[in-house]
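Novice: Enclosed is the structure file model_11.cif (mmCIF, all heavy atoms).
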data_final
#
loop_
_atom_site.label_atom_id
_atom_site.label_comp_id
_atom_site.auth_asym_id
_atom_site.auth_seq_id
_atom_site.Cartn_x
_atom_site.Cartn_y
_atom_site.Cartn_z
N MET A 1 -270.96 70.26 54.95
CA MET A 1 -271.81 70.25 53.79
C MET A 1 -272.69 71.51 53.82
O MET A 1 -273.16 71.91 54.86
CB MET A 1 -272.69 69.02 53.78
CG MET A 1 -271.95 67.71 53.75
SD MET A 1 -271.35 67.41 52.13
CE MET A 1 -271.34 65.66 52.09
N ASN A 2 -272.90 72.05 52.63
CA ASN A 2 -273.78 73.20 52.55
C ASN A 2 -275.22 72.74 52.34
O ASN A 2 -275.50 71.54 52.35
CB ASN A 2 -273.32 74.17 51.45
CG ASN A 2 -273.43 73.60 50.06
OD1 ASN A 2 -274.07 72.58 49.82
ND2 ASN A 2 -272.81 74.27 49.11
N GLU A 3 -276.11 73.69 52.13
CA GLU A 3 -277.52 73.34 51.99
C GLU A 3 -277.82 72.52 50.74
O GLU A 3 -278.86 71.89 50.64
CB GLU A 3 -278.40 74.60 52.03
CG GLU A 3 -278.15 75.58 50.89
CD GLU A 3 -277.00 76.54 51.14
OE1 GLU A 3 -276.41 76.54 52.23
OE2 GLU A 3 -276.69 77.30 50.23
N ASN A 4 -276.88 72.52 49.78
CA ASN A 4 -277.05 71.72 48.56
C ASN A 4 -276.35 70.37 48.64
O ASN A 4 -276.28 69.65 47.66
CB ASN A 4 -276.53 72.49 47.35
CG ASN A 4 -277.29 73.77 47.09
OD1 ASN A 4 -278.51 73.82 47.31
ND2 ASN A 4 -276.62 74.81 46.65
N GLY A 5 -275.81 70.04 49.80
CA GLY A 5 -275.13 68.76 49.99
C GLY A 5 -273.71 68.71 49.48
O GLY A 5 -273.12 67.64 49.41
N LYS A 6 -273.14 69.86 49.12
CA LYS A 6 -271.77 69.90 48.63
C LYS A 6 -270.81 70.21 49.78
O LYS A 6 -271.14 70.97 50.68
CB LYS A 6 -271.62 70.95 47.53
CG LYS A 6 -272.44 70.62 46.30
CD LYS A 6 -272.02 71.45 45.14
CE LYS A 6 -272.83 71.01 43.94
NZ LYS A 6 -272.15 71.27 42.71
N PRO A 7 -269.61 69.62 49.76
CA PRO A 7 -268.66 69.88 50.83
C PRO A 7 -268.19 71.34 50.83
O PRO A 7 -268.05 71.95 49.77
CB PRO A 7 -267.49 68.94 50.53
CG PRO A 7 -267.67 68.49 49.15
CD PRO A 7 -269.09 68.69 48.77
N VAL A 8 -267.98 71.88 52.00
CA VAL A 8 -267.49 73.24 52.16
C VAL A 8 -266.00 73.16 52.43
O VAL A 8 -265.56 72.43 53.32
CB VAL A 8 -268.21 73.95 53.33
CG1 VAL A 8 -267.64 75.34 53.55
CG2 VAL A 8 -269.70 74.02 53.06
N THR A 9 -265.20 73.88 51.64
CA THR A 9 -263.76 73.89 51.85
C THR A 9 -263.30 75.32 52.11
O THR A 9 -263.97 76.28 51.75
CB THR A 9 -263.00 73.33 50.63
OG1 THR A 9 -263.30 74.13 49.50
CG2 THR A 9 -263.37 71.89 50.37
N LYS A 10 -262.17 75.46 52.75
CA LYS A 10 -261.55 76.74 53.02
C LYS A 10 -260.15 76.71 52.42
O LYS A 10 -259.52 75.67 52.35
CB LYS A 10 -261.43 76.99 54.53
CG LYS A 10 -262.72 76.93 55.28
CD LYS A 10 -263.34 78.28 55.37
CE LYS A 10 -264.63 78.16 56.18
NZ LYS A 10 -265.21 79.39 56.49
N ALA A 11 -259.65 77.87 52.02
CA ALA A 11 -258.31 77.98 51.46
C ALA A 11 -257.43 78.78 52.42
O ALA A 11 -257.89 79.71 53.07
CB ALA A 11 -258.36 78.66 50.11
N LYS A 12 -256.18 78.40 52.48
CA LYS A 12 -255.19 79.12 53.28
C LYS A 12 -253.98 79.32 52.40
O LYS A 12 -253.54 78.39 51.71
CB LYS A 12 -254.82 78.30 54.52
CG LYS A 12 -253.81 78.95 55.42
CD LYS A 12 -254.37 80.17 56.10
CE LYS A 12 -253.34 80.80 57.00
NZ LYS A 12 -253.69 82.17 57.33
N SER A 13 -253.44 80.53 52.37
CA SER A 13 -252.26 80.78 51.56
C SER A 13 -251.15 81.37 52.42
O SER A 13 -251.41 81.99 53.45
CB SER A 13 -252.59 81.74 50.40
OG SER A 13 -253.00 82.99 50.91
N PHE A 14 -249.92 81.12 51.99
CA PHE A 14 -248.74 81.61 52.70
C PHE A 14 -247.86 82.34 51.69
O PHE A 14 -247.56 81.80 50.63
CB PHE A 14 -247.97 80.45 53.34
CG PHE A 14 -248.75 79.76 54.41
CD1 PHE A 14 -249.56 78.67 54.11
CD2 PHE A 14 -248.70 80.20 55.72
CE1 PHE A 14 -250.30 78.03 55.08
CE2 PHE A 14 -249.44 79.57 56.71
CZ PHE A 14 -250.24 78.49 56.39
N ALA A 15 -247.45 83.54 52.04
CA ALA A 15 -246.58 84.34 51.18
C ALA A 15 -245.13 84.17 51.60
O ALA A 15 -244.83 83.72 52.71
CB ALA A 15 -246.98 85.81 51.26
N ASN A 16 -244.24 84.52 50.70
CA ASN A 16 -242.79 84.54 50.96
C ASN A 16 -242.23 83.17 51.31
O ASN A 16 -241.34 83.05 52.14
CB ASN A 16 -242.44 85.55 52.06
CG ASN A 16 -242.85 86.95 51.68
OD1 ASN A 16 -242.66 87.37 50.54
ND2 ASN A 16 -243.44 87.68 52.61
N VAL A 17 -242.74 82.13 50.66
CA VAL A 17 -242.17 80.80 50.83
C VAL A 17 -240.85 80.78 50.07
O VAL A 17 -240.77 81.27 48.94
CB VAL A 17 -243.13 79.71 50.29
CG1 VAL A 17 -242.50 78.34 50.36
CG2 VAL A 17 -244.43 79.75 51.07
N ALA A 18 -239.83 80.23 50.66
CA ALA A 18 -238.50 80.20 50.03
C ALA A 18 -238.56 79.51 48.68
O ALA A 18 -239.19 78.47 48.52
CB ALA A 18 -237.50 79.48 50.93
N VAL A 19 -237.90 80.11 47.70
CA VAL A 19 -237.85 79.53 46.36
C VAL A 19 -237.20 78.15 46.42
O VAL A 19 -237.55 77.26 45.65
CB VAL A 19 -237.05 80.46 45.41
CG1 VAL A 19 -236.87 79.84 44.05
CG2 VAL A 19 -237.75 81.80 45.29
N SER A 20 -236.32 77.96 47.36
CA SER A 20 -235.61 76.68 47.48
C SER A 20 -236.44 75.59 48.17
O SER A 20 -236.00 74.45 48.25
CB SER A 20 -234.30 76.89 48.26
OG SER A 20 -234.59 77.38 49.56
N ALA A 21 -237.62 75.93 48.66
CA ALA A 21 -238.46 74.94 49.34
C ALA A 21 -238.89 73.86 48.34
O ALA A 21 -239.42 74.17 47.28
CB ALA A 21 -239.68 75.61 49.94
N THR A 22 -238.65 72.63 48.70
CA THR A 22 -238.99 71.51 47.82
C THR A 22 -240.48 71.18 47.96
O THR A 22 -241.09 71.49 48.98
CB THR A 22 -238.17 70.26 48.16
OG1 THR A 22 -238.53 69.83 49.48
CG2 THR A 22 -236.68 70.53 48.08
N PRO A 23 -241.04 70.52 46.95
CA PRO A 23 -242.44 70.09 47.07
C PRO A 23 -242.67 69.20 48.30
O PRO A 23 -243.69 69.32 48.96
CB PRO A 23 -242.68 69.31 45.77
CG PRO A 23 -241.76 69.95 44.79
CD PRO A 23 -240.52 70.27 45.60
N ASP A 24 -241.70 68.34 48.63
CA ASP A 24 -241.84 67.48 49.81
C ASP A 24 -241.87 68.31 51.09
O ASP A 24 -242.64 68.03 52.01
CB ASP A 24 -240.71 66.45 49.88
CG ASP A 24 -240.88 65.34 48.87
OD1 ASP A 24 -242.01 65.09 48.43
OD2 ASP A 24 -239.86 64.70 48.53
N ALA A 25 -241.02 69.33 51.17
CA ALA A 25 -240.99 70.18 52.36
C ALA A 25 -242.29 70.95 52.51
O ALA A 25 -242.81 71.12 53.62
CB ALA A 25 -239.80 71.14 52.29
N ILE A 26 -242.83 71.43 51.40
CA ILE A 26 -244.09 72.16 51.44
C ILE A 26 -245.21 71.23 51.88
O ILE A 26 -246.06 71.60 52.70
CB ILE A 26 -244.39 72.80 50.08
CG1 ILE A 26 -243.35 73.89 49.79
CG2 ILE A 26 -245.80 73.37 50.03
CD1 ILE A 26 -243.38 74.44 48.39
N ARG A 27 -245.22 70.02 51.36
CA ARG A 27 -246.24 69.04 51.73
C ARG A 27 -246.14 68.70 53.23
O ARG A 27 -247.15 68.62 53.93
CB ARG A 27 -246.09 67.79 50.88
CG ARG A 27 -247.06 66.68 51.19
CD ARG A 27 -248.44 67.07 50.79
NE ARG A 27 -249.37 65.99 51.07
CZ ARG A 27 -250.57 65.92 50.58
NH1 ARG A 27 -251.00 66.85 49.78
NH2 ARG A 27 -251.35 64.93 50.89
N GLN A 28 -244.92 68.51 53.73
CA GLN A 28 -244.74 68.22 55.16
C GLN A 28 -245.26 69.36 56.02
O GLN A 28 -245.91 69.13 57.04
CB GLN A 28 -243.26 67.97 55.47
CG GLN A 28 -242.77 66.63 55.03
CD GLN A 28 -241.30 66.43 55.37
OE1 GLN A 28 -240.52 67.38 55.48
NE2 GLN A 28 -240.91 65.18 55.54
N PHE A 29 -244.97 70.60 55.62
CA PHE A 29 -245.47 71.74 56.37
C PHE A 29 -246.99 71.75 56.35
O PHE A 29 -247.63 71.95 57.37
CB PHE A 29 -244.94 73.06 55.79
CG PHE A 29 -245.64 74.25 56.37
CD1 PHE A 29 -245.29 74.73 57.62
CD2 PHE A 29 -246.68 74.86 55.70
CE1 PHE A 29 -245.96 75.80 58.19
CE2 PHE A 29 -247.36 75.93 56.25
CZ PHE A 29 -246.99 76.41 57.49
N ALA A 30 -247.58 71.54 55.17
CA ALA A 30 -249.04 71.56 55.03
C ALA A 30 -249.69 70.49 55.91
O ALA A 30 -250.70 70.74 56.56
CB ALA A 30 -249.43 71.37 53.58
N GLU A 31 -249.10 69.31 55.94
CA GLU A 31 -249.65 68.24 56.78
C GLU A 31 -249.53 68.57 58.26
O GLU A 31 -250.45 68.32 59.03
CB GLU A 31 -248.96 66.92 56.45
CG GLU A 31 -249.37 66.38 55.09
CD GLU A 31 -248.58 65.16 54.66
OE1 GLU A 31 -247.57 64.82 55.30
OE2 GLU A 31 -248.98 64.55 53.65
N ALA A 32 -248.40 69.16 58.67
CA ALA A 32 -248.23 69.55 60.06
C ALA A 32 -249.22 70.66 60.44
O ALA A 32 -249.83 70.62 61.50
CB ALA A 32 -246.80 70.03 60.30
N TYR A 33 -249.39 71.63 59.54
CA TYR A 33 -250.34 72.72 59.79
C TYR A 33 -251.76 72.18 59.87
O TYR A 33 -252.53 72.55 60.74
CB TYR A 33 -250.21 73.76 58.68
CG TYR A 33 -251.04 75.00 58.92
CD1 TYR A 33 -250.57 76.03 59.72
CD2 TYR A 33 -252.30 75.13 58.36
CE1 TYR A 33 -251.33 77.17 59.95
CE2 TYR A 33 -253.07 76.26 58.58
CZ TYR A 33 -252.58 77.27 59.37
OH TYR A 33 -253.34 78.38 59.61
N ALA A 34 -252.10 71.29 58.96
CA ALA A 34 -253.45 70.71 58.93
C ALA A 34 -253.74 69.90 60.19
O ALA A 34 -254.89 69.83 60.63
CB ALA A 34 -253.62 69.84 57.69
N SER A 35 -252.72 69.31 60.77
CA SER A 35 -252.94 68.51 61.99
C SER A 35 -253.39 69.38 63.16
O SER A 35 -253.95 68.86 64.13
CB SER A 35 -251.67 67.73 62.36
OG SER A 35 -250.68 68.61 62.88
N LEU A 36 -253.19 70.68 63.06
CA LEU A 36 -253.62 71.61 64.10
C LEU A 36 -255.05 72.12 63.87
O LEU A 36 -255.58 72.83 64.70
CB LEU A 36 -252.67 72.81 64.16
CG LEU A 36 -251.20 72.48 64.42
CD1 LEU A 36 -250.35 73.74 64.27
CD2 LEU A 36 -251.02 71.84 65.78
N GLN A 37 -255.62 71.76 62.73
CA GLN A 37 -256.94 72.23 62.35
C GLN A 37 -257.98 71.12 62.54
O GLN A 37 -257.64 69.95 62.65
CB GLN A 37 -256.95 72.66 60.87
CG GLN A 37 -255.85 73.63 60.51
CD GLN A 37 -255.92 74.92 61.28
OE1 GLN A 37 -256.96 75.55 61.35
NE2 GLN A 37 -254.80 75.33 61.87
N GLN A 38 -259.24 71.50 62.53
CA GLN A 38 -260.31 70.52 62.63
C GLN A 38 -260.69 69.95 61.26
O GLN A 38 -261.18 68.85 61.17
CB GLN A 38 -261.56 71.16 63.28
CG GLN A 38 -261.34 71.52 64.72
CD GLN A 38 -262.57 72.15 65.34
OE1 GLN A 38 -263.56 72.39 64.67
NE2 GLN A 38 -262.50 72.42 66.63
N LYS A 39 -260.45 70.70 60.21
CA LYS A 39 -260.79 70.26 58.86
C LYS A 39 -259.66 69.42 58.28
O LYS A 39 -258.49 69.59 58.63
CB LYS A 39 -261.03 71.46 57.93
CG LYS A 39 -262.08 72.42 58.42
CD LYS A 39 -263.45 71.92 58.08
CE LYS A 39 -264.48 72.96 58.49
NZ LYS A 39 -265.81 72.53 58.32
N ALA A 40 -260.01 68.54 57.35
CA ALA A 40 -259.01 67.68 56.71
C ALA A 40 -258.30 68.44 55.59
O ALA A 40 -258.86 69.32 54.96
CB ALA A 40 -259.68 66.44 56.13
N LEU A 41 -257.06 68.06 55.35
CA LEU A 41 -256.29 68.63 54.25
C LEU A 41 -256.79 67.99 52.95
O LEU A 41 -256.84 66.77 52.82
CB LEU A 41 -254.80 68.32 54.44
CG LEU A 41 -253.85 68.81 53.35
CD1 LEU A 41 -253.87 70.33 53.28
CD2 LEU A 41 -252.44 68.31 53.61
N VAL A 42 -257.15 68.84 51.98
CA VAL A 42 -257.68 68.34 50.72
C VAL A 42 -256.65 68.46 49.60
O VAL A 42 -256.46 67.54 48.83
CB VAL A 42 -258.96 69.12 50.33
CG1 VAL A 42 -259.47 68.70 48.96
CG2 VAL A 42 -260.04 68.92 51.38
N ARG A 43 -255.97 69.60 49.54
CA ARG A 43 -255.05 69.84 48.42
C ARG A 43 -253.96 70.81 48.84
O ARG A 43 -254.21 71.73 49.62
CB ARG A 43 -255.84 70.40 47.25
CG ARG A 43 -255.01 70.74 46.05
CD ARG A 43 -255.81 71.21 44.87
NE ARG A 43 -256.75 72.25 45.27
CZ ARG A 43 -257.69 72.73 44.48
NH1 ARG A 43 -257.84 72.27 43.27
NH2 ARG A 43 -258.50 73.68 44.90
N VAL A 44 -252.78 70.63 48.27
CA VAL A 44 -251.67 71.56 48.46
C VAL A 44 -251.21 71.98 47.07
O VAL A 44 -250.94 71.13 46.22
CB VAL A 44 -250.49 70.90 49.21
CG1 VAL A 44 -249.33 71.87 49.34
CG2 VAL A 44 -250.93 70.40 50.57
N THR A 45 -251.16 73.28 46.83
CA THR A 45 -250.66 73.79 45.55
C THR A 45 -249.59 74.83 45.80
O THR A 45 -249.54 75.47 46.85
CB THR A 45 -251.78 74.44 44.71
OG1 THR A 45 -252.34 75.51 45.44
CG2 THR A 45 -252.87 73.44 44.36
N ARG A 46 -248.72 74.98 44.81
CA ARG A 46 -247.67 75.99 44.88
C ARG A 46 -247.77 76.85 43.63
O ARG A 46 -247.86 76.34 42.52
CB ARG A 46 -246.30 75.34 44.93
CG ARG A 46 -245.17 76.34 44.94
CD ARG A 46 -243.82 75.65 44.99
NE ARG A 46 -242.77 76.62 45.16
CZ ARG A 46 -241.59 76.35 45.66
NH1 ARG A 46 -241.31 75.12 46.04
NH2 ARG A 46 -240.68 77.28 45.78
N THR A 47 -247.79 78.16 43.83
CA THR A 47 -247.84 79.10 42.72
C THR A 47 -246.61 80.00 42.81
O THR A 47 -246.43 80.68 43.82
CB THR A 47 -249.12 79.95 42.78
OG1 THR A 47 -250.24 79.09 42.80
CG2 THR A 47 -249.21 80.89 41.60
N ASP A 48 -245.78 79.97 41.80
CA ASP A 48 -244.59 80.82 41.76
C ASP A 48 -244.85 81.97 40.79
O ASP A 48 -245.36 81.76 39.69
CB ASP A 48 -243.36 80.04 41.27
CG ASP A 48 -242.93 78.98 42.27
OD1 ASP A 48 -242.96 79.26 43.48
OD2 ASP A 48 -242.58 77.87 41.83
N LEU A 49 -244.51 83.18 41.21
CA LEU A 49 -244.65 84.36 40.37
C LEU A 49 -243.25 84.89 40.04
O LEU A 49 -242.40 84.98 40.92
CB LEU A 49 -245.44 85.46 41.09
CG LEU A 49 -246.88 85.09 41.47
CD1 LEU A 49 -247.50 86.22 42.28
CD2 LEU A 49 -247.69 84.81 40.23
N ASN A 50 -243.05 85.21 38.79
CA ASN A 50 -241.76 85.73 38.35
C ASN A 50 -241.98 87.01 37.56
O ASN A 50 -242.84 87.05 36.66
CB ASN A 50 -241.03 84.71 37.47
CG ASN A 50 -240.71 83.45 38.22
OD1 ASN A 50 -239.98 83.48 39.17
ND2 ASN A 50 -241.28 82.34 37.78
N ASP A 51 -241.22 88.04 37.85
CA ASP A 51 -241.27 89.26 37.06
C ASP A 51 -240.30 89.10 35.89
O ASP A 51 -239.14 88.74 36.07
CB ASP A 51 -240.85 90.47 37.90
CG ASP A 51 -241.90 90.86 38.91
OD1 ASP A 51 -243.09 90.61 38.64
OD2 ASP A 51 -241.53 91.39 39.97
N ILE A 52 -240.80 89.37 34.71
CA ILE A 52 -239.98 89.30 33.51
C ILE A 52 -240.00 90.68 32.88
O ILE A 52 -241.05 91.17 32.48
CB ILE A 52 -240.52 88.24 32.52
CG1 ILE A 52 -240.56 86.88 33.21
CG2 ILE A 52 -239.69 88.21 31.26
CD1 ILE A 52 -241.25 85.81 32.42
N SER A 53 -238.84 91.31 32.82
CA SER A 53 -238.80 92.64 32.25
C SER A 53 -238.53 92.54 30.75
O SER A 53 -237.83 91.66 30.27
CB SER A 53 -237.73 93.49 32.94
OG SER A 53 -236.52 92.80 33.00
N ALA A 54 -239.13 93.47 30.02
CA ALA A 54 -239.00 93.46 28.56
C ALA A 54 -237.76 94.18 28.12
O ALA A 54 -237.22 95.02 28.73
CB ALA A 54 -240.22 94.12 27.94
#
The structure in this file should be written as structure tokens.
Specialist:
Amino acid sequence: MNENGKPVTKAKSFANVAVSATPDAIRQFAEAYASLQQKALVRVTRTDLNDISA
């Protein structure tokens, strides 16, 4: 908690995740990674970027 009583969270991102990775596989990885940390896992998001040429 910060000085205002709000929870403090940290973000972690991973690049070059396989396009074929399923949401379940990503969630399993995130849970396994979080088990190595002291903080609890709050959220897992996936952002895909695609180049579209005109």
Novice: For this file, the PyMOL selection byres (((chain A and resi 36-53 and name CA) around 9) and name CA) selects which residues, as a list of chain:residue names?
Specialist: A:Thr9, A:Lys10, A:Val19, A:Pro23, A:Ile26, A:Arg27, A:Ala30, A:Glu31, A:Ala32, A:Tyr33, A:Ala34, A:Ser35, A:Ala54
Novice: How far is it from atom CD2 of Phe29 of chain A to atom CD1 of Phe14 of chain A, in Å with one decimal?
Specialist: 5.0 Å
Novice: Could you pull out the residues in chain A that DSSP calls alpha helix (DSSP H) from the backbone, as a compact mmCIF listing (two decimals) with all heavy atoms, in the frame of the given file?
Specialist:
# COMPACT_ATOMS: atom_id res chain seq x y z
N PRO A 23 -241.04 70.52 46.95
CA PRO A 23 -242.44 70.09 47.07
C PRO A 23 -242.67 69.20 48.30
O PRO A 23 -243.69 69.32 48.96
CB PRO A 23 -242.68 69.31 45.77
CG PRO A 23 -241.76 69.95 44.79
CD PRO A 23 -240.52 70.27 45.60
N ASP A 24 -241.70 68.34 48.63
CA ASP A 24 -241.84 67.48 49.81
C ASP A 24 -241.87 68.31 51.09
O ASP A 24 -242.64 68.03 52.01
CB ASP A 24 -240.71 66.45 49.88
CG ASP A 24 -240.88 65.34 48.87
OD1 ASP A 24 -242.01 65.09 48.43
OD2 ASP A 24 -239.86 64.70 48.53
N ALA A 25 -241.02 69.33 51.17
CA ALA A 25 -240.99 70.18 52.36
C ALA A 25 -242.29 70.95 52.51
O ALA A 25 -242.81 71.12 53.62
CB ALA A 25 -239.80 71.14 52.29
N ILE A 26 -242.83 71.43 51.40
CA ILE A 26 -244.09 72.16 51.44
C ILE A 26 -245.21 71.23 51.88
O ILE A 26 -246.06 71.60 52.70
CB ILE A 26 -244.39 72.80 50.08
CG1 ILE A 26 -243.35 73.89 49.79
CG2 ILE A 26 -245.80 73.37 50.03
CD1 ILE A 26 -243.38 74.44 48.39
N ARG A 27 -245.22 70.02 51.36
CA ARG A 27 -246.24 69.04 51.73
C ARG A 27 -246.14 68.70 53.23
O ARG A 27 -247.15 68.62 53.93
CB ARG A 27 -246.09 67.79 50.88
CG ARG A 27 -247.06 66.68 51.19
CD ARG A 27 -248.44 67.07 50.79
NE ARG A 27 -249.37 65.99 51.07
CZ ARG A 27 -250.57 65.92 50.58
NH1 ARG A 27 -251.00 66.85 49.78
NH2 ARG A 27 -251.35 64.93 50.89
N GLN A 28 -244.92 68.51 53.73
CA GLN A 28 -244.74 68.22 55.16
C GLN A 28 -245.26 69.36 56.02
O GLN A 28 -245.91 69.13 57.04
CB GLN A 28 -243.26 67.97 55.47
CG GLN A 28 -242.77 66.63 55.03
CD GLN A 28 -241.30 66.43 55.37
OE1 GLN A 28 -240.52 67.38 55.48
NE2 GLN A 28 -240.91 65.18 55.54
N PHE A 29 -244.97 70.60 55.62
CA PHE A 29 -245.47 71.74 56.37
C PHE A 29 -246.99 71.75 56.35
O PHE A 29 -247.63 71.95 57.37
CB PHE A 29 -244.94 73.06 55.79
CG PHE A 29 -245.64 74.25 56.37
CD1 PHE A 29 -245.29 74.73 57.62
CD2 PHE A 29 -246.68 74.86 55.70
CE1 PHE A 29 -245.96 75.80 58.19
CE2 PHE A 29 -247.36 75.93 56.25
CZ PHE A 29 -246.99 76.41 57.49
N ALA A 30 -247.58 71.54 55.17
CA ALA A 30 -249.04 71.56 55.03
C ALA A 30 -249.69 70.49 55.91
O ALA A 30 -250.70 70.74 56.56
CB ALA A 30 -249.43 71.37 53.58
N GLU A 31 -249.10 69.31 55.94
CA GLU A 31 -249.65 68.24 56.78
C GLU A 31 -249.53 68.57 58.26
O GLU A 31 -250.45 68.32 59.03
CB GLU A 31 -248.96 66.92 56.45
CG GLU A 31 -249.37 66.38 55.09
CD GLU A 31 -248.58 65.16 54.66
OE1 GLU A 31 -247.57 64.82 55.30
OE2 GLU A 31 -248.98 64.55 53.65
N ALA A 32 -248.40 69.16 58.67
CA ALA A 32 -248.23 69.55 60.06
C ALA A 32 -249.22 70.66 60.44
O ALA A 32 -249.83 70.62 61.50
CB ALA A 32 -246.80 70.03 60.30
N TYR A 33 -249.39 71.63 59.54
CA TYR A 33 -250.34 72.72 59.79
C TYR A 33 -251.76 72.18 59.87
O TYR A 33 -252.53 72.55 60.74
CB TYR A 33 -250.21 73.76 58.68
CG TYR A 33 -251.04 75.00 58.92
CD1 TYR A 33 -250.57 76.03 59.72
CD2 TYR A 33 -252.30 75.13 58.36
CE1 TYR A 33 -251.33 77.17 59.95
CE2 TYR A 33 -253.07 76.26 58.58
CZ TYR A 33 -252.58 77.27 59.37
OH TYR A 33 -253.34 78.38 59.61
N ALA A 34 -252.10 71.29 58.96
CA ALA A 34 -253.45 70.71 58.93
C ALA A 34 -253.74 69.90 60.19
O ALA A 34 -254.89 69.83 60.63
CB ALA A 34 -253.62 69.84 57.69
Novice: Report, in Å to a single decimal, how far apart atom CD of Gln28 of chain A and atom O of Asn16 of chain A are.
Specialist: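 Spanning atom O of Asn16 of chain A to atom CD of Gln28 of chain A is a straight-line distance of 16.9 Å.
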Novice: Which value, in Å to one decimal, gives the distance between atom OD1 of Asp24 of chain A and atom CB of Lys12 of chain A?
Specialist: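 Atom-to-atom, atom OD1 of Asp24 of chain A to atom CB of Lys12 of chain A, that is 19.4 Å.
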